[in-house]
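Report on one structure; see the data block that follows.
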Amino acid sequence: MVYSIIIFIVLLFTISIFDFKRVKTFDDYALAGKAQGFWPVYLSMMVSMIGASATLGVADKVWDIGFSAFCWLGVGAIGLLLQGIFISKKIRELNATTLPDIAEKTVGEGAKSLLSLIIAISWIGIIGAQIVSLVKIVKSVATGINENVLIIIIAAVVILHTMLGGQLSVLKTDMLQSGVILVGILGTFIYLYMCKGENNQDIFNNLQMIDSDFGYFDFVYLLFITGGTYFLGPDIISRNIISKDGKTARNATILAAFSIGVIGFIVTMIGMWSLYNLPVMHGENPLIYIMDKIIPTPLAVFLCLALMATLISSADTCLINAATIIEHDLLKRNNVKELRFIILIMGIASLFIALVRSDIIDLLLGAYSIYSPGIVFPLLVAIVSYKKRKINKTLWLAAVILGGIMGLINSYFMIGPKYLPLLGMGLSLVLSLVSVLQSSREKC
């Protein structure tokens, strides 16, 4: 299995080196020319949005809250579907370069800088979560290597692969990885339930979404905080932006939403199988245990590569998009060499996060709890109001700042009740709506 991982990594670098020679402009490197058709956009969006939370994270959560773990990606599918139906086409037609660029077009310069800072800070944790997950997979097959050494090696692979080919390589490798993911995850699901399904009836009798371990508040919290990043997150927006037109962006987003929901269900059911058929994990991830000890070796190779594919795809997408935001929106330049250097710096910062934190879901929720309360509703109001109503910039910026602060102090400083990020999100919605109404009154 180690050899299959090496071959997989070599293939990634082969594609990256090939694209390194092809990249001529900033748009080529950061935006893949803004000319991608349906299949590249759809497959990249689907693979990139799965990541650590929908694989190792969901499998772990099944042991804590049962089938309710599906909600983690289920709310993502809902957020993505709503974006596809209502605003994907409009986002593409804005002809922006990044998500903060959209804020500048719809609100003004101060909005662009503020959103850039929030994304640059919070996305380091998300990249770190992908690295942690990758290490857990590689560690299971590369025994005897120190975990910190593995973290450094894995981080180096992700950073160098992204630095070389940029967005063009990310798209190509995403398309390649989508087939591996389909075979590995779907094949494992079929094998477990067809060949090892002694307790299937017990599993199907316990598919409750809401119970004593996961209540309605938990669902609402995930729907807004996690679902919000799928509705208006920088990585989703980047896939709208690289599409060749608004129709492509909308159709790819809608199909990706359904695909992510299906994959999330399959991974959750694999986790449910582990809950009813495996011994107590004692900290070991169920998917990795199944890969090591339950399924046949050929299928285990595909599952291993599938898990690596989802995580590398998420990590490189987050890395190129966050770095592009720093270069284009904060530094206000479009230099490919500088962008590569920023990818290196952000990758190293994410590496340090991965070295000190190991809980995947906590890392992701911490980042989402800053981003969603501060940005999702204000940006939505700005997009919907564009060319229809003017916005009071001061009130709009206050909505972003206060919402983000309420998420920050709860997630990172552990101050205040659990629902504080939701209150922050509600406050940012109210203030951003008032910013539109206030501006309309001033105009009158």
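In the structure tokens, the first chain shown is A, the next is B, and so on; residue numbers restart at 1 for each chain, and ligands run from 1 in the order shown.
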
(message) Applying 12 Å and only C-alpha atoms, which residues near Lys21 (chain A) remain after dropping the ones on its own chain fewer than 6 positions away? List them as an MDAnalysis selection string.
(response) chainID A and resid 14:15 28:29 164:166 168:169

Those selected residues, please, written with N, CA and C atoms and delivered as a short mmCIF file (atom, residue, chain, number, x, y, z; two decimals), in the first residue's frame.
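After the write, selection28.cif holds the following:
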data_model
loop_
_atom_site.label_atom_id
_atom_site.label_comp_id
_atom_site.auth_asym_id
_atom_site.auth_seq_id
_atom_site.Cartn_x
_atom_site.Cartn_y
_atom_site.Cartn_z
N THR A 14 3.76 14.95 -11.30
CA THR A 14 3.94 14.94 -12.76
C THR A 14 3.00 15.95 -13.41
N ILE A 15 1.75 15.94 -12.96
CA ILE A 15 0.77 16.90 -13.49
C ILE A 15 1.17 18.32 -13.12
N ASP A 28 -4.11 32.37 -15.40
CA ASP A 28 -3.85 30.94 -15.63
C ASP A 28 -3.57 30.23 -14.30
N TYR A 29 -2.70 30.84 -13.51
CA TYR A 29 -2.24 30.19 -12.28
C TYR A 29 -3.30 30.18 -11.19
N LEU A 164 3.54 24.50 -7.58
CA LEU A 164 4.04 24.28 -8.93
C LEU A 164 3.00 24.63 -10.01
N GLY A 165 1.84 23.99 -9.94
CA GLY A 165 0.89 24.11 -11.04
C GLY A 165 -0.27 25.04 -10.80
N GLY A 166 -0.50 25.45 -9.56
CA GLY A 166 -1.60 26.34 -9.26
C GLY A 166 -2.97 25.74 -9.55
N LEU A 168 -4.66 25.30 -12.28
CA LEU A 168 -4.74 24.35 -13.39
C LEU A 168 -4.47 22.93 -12.91
N SER A 169 -3.43 22.76 -12.10
CA SER A 169 -3.10 21.43 -11.58
C SER A 169 -4.15 20.94 -10.59
#

(message) Measuring between only C-alpha atoms, which one of A:Ile242, A:Val267, A:Ile118, A:Ala256 shows the shortest distance to Ile91 (chain A)?
(response) A:Ile242

(request) Please provide the set of residues having any atom within 7 Å of region 93-104 of chain A, restricted to only C-alpha atoms, with same-chain residues fewer than 4 positions apart removed, written as number ranges by chain. (result) A: 89, 108-109, 111-112, 115-116, 234, 237-238, 241, 246, 325, 329, 379

Let's have the selection written as a PDB file, in the first residue's frame, with C-alpha atoms.
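Final output, part34.pdb:
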ATOM      1  CA  LYS A  89     -25.108  32.467 -11.801  1.00  0.00           C
ATOM      2  CA  GLY A 108     -16.597  48.974  -1.461  1.00  0.00           C
ATOM      3  CA  GLU A 109     -12.844  48.830  -0.784  1.00  0.00           C
ATOM      4  CA  ALA A 111     -15.210  45.432   2.682  1.00  0.00           C
ATOM      5  CA  LYS A 112     -12.632  43.754   0.481  1.00  0.00           C
ATOM      6  CA  LEU A 115     -13.076  39.891   4.335  1.00  0.00           C
ATOM      7  CA  SER A 116      -9.585  39.111   3.089  1.00  0.00           C
ATOM      8  CA  PRO A 234     -14.336  31.226  -0.682  1.00  0.00           C
ATOM      9  CA  ILE A 237     -17.069  30.865  -4.835  1.00  0.00           C
ATOM     10  CA  SER A 238     -13.746  30.102  -6.528  1.00  0.00           C
ATOM     11  CA  ILE A 241     -15.497  32.184 -10.705  1.00  0.00           C
ATOM     12  CA  GLY A 246     -23.121  31.667 -15.180  1.00  0.00           C
ATOM     13  CA  ILE A 325      -6.933  36.393  -1.715  1.00  0.00           C
ATOM     14  CA  ASP A 329      -6.965  41.541  -2.345  1.00  0.00           C
ATOM     15  CA  LEU A 379     -22.203  39.107   1.710  1.00  0.00           C
TER      16      LEU A 379
END

(request) For CA of Asp213 (chain A) and CA of Trp72 (chain A), determine how far apart the two atoms are, in Å to one decimal place. (result)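 Interatomic distance here is 14.2 Å.
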
At most 10 Å is the cut-off: for each residue in region 239-339 of chain A with any atom that close to an atom of region 177-183 of chain A, write down the nearest atom pair and the distance in Å rounded to one decimal, counting only C-alpha atoms, chain first then increasing number, as a Markdown table.
| residue | atom | partner | partner_atom | distance |
| --- | --- | --- | --- | --- |
| A:Ile263 | CA | A:Leu182 | CA | 8.7 |
| A:Leu299 | CA | A:Val183 | CA | 8.3 |
| A:Val301 | CA | A:Val180 | CA | 9.9 |
| A:Phe302 | CA | A:Val180 | CA | 6.4 |
| A:Leu303 | CA | A:Ile181 | CA | 7.4 |
| A:Cys304 | CA | A:Ile181 | CA | 9.3 |
| A:Leu305 | CA | A:Val180 | CA | 6.7 |
| A:Ala306 | CA | A:Ile181 | CA | 4.2 |
| A:Leu307 | CA | A:Ile181 | CA | 7.1 |
| A:Met308 | CA | A:Gln177 | CA | 9.0 |
| A:Ala309 | CA | A:Gln177 | CA | 5.4 |
| A:Thr310 | CA | A:Ile181 | CA | 7.2 |
| A:Ile312 | CA | A:Gln177 | CA | 9.3 |
| A:Ser313 | CA | A:Gln177 | CA | 7.9 |

(message) If I take CA of Thr248 (chain A) and CA of Ser88 (chain A), how far is one from the other in Å, to one decimal?
(response) 9.1 Å

(message) Going by DSSP on the backbone, which residues of region 151-351 of chain A come out as helix (DSSP H, G or I)? List them as number ranges by chain.
(response) A: 151-195, 200-204, 216-232, 234-241, 246-277, 286-293, 297-330, 336-351

(request) Kindly give the distance, in Å, that separates CA of Val436 (chain A) and CA of Val384 (chain A), rounded to a single decimal. (result) 10.6 Å

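Across A:Leu176, A:Leu423, A:Ala155, A:Ile353, the tightest approach to Ile124 (chain A) is made by A:Ile353 when counting only C-alpha atoms.
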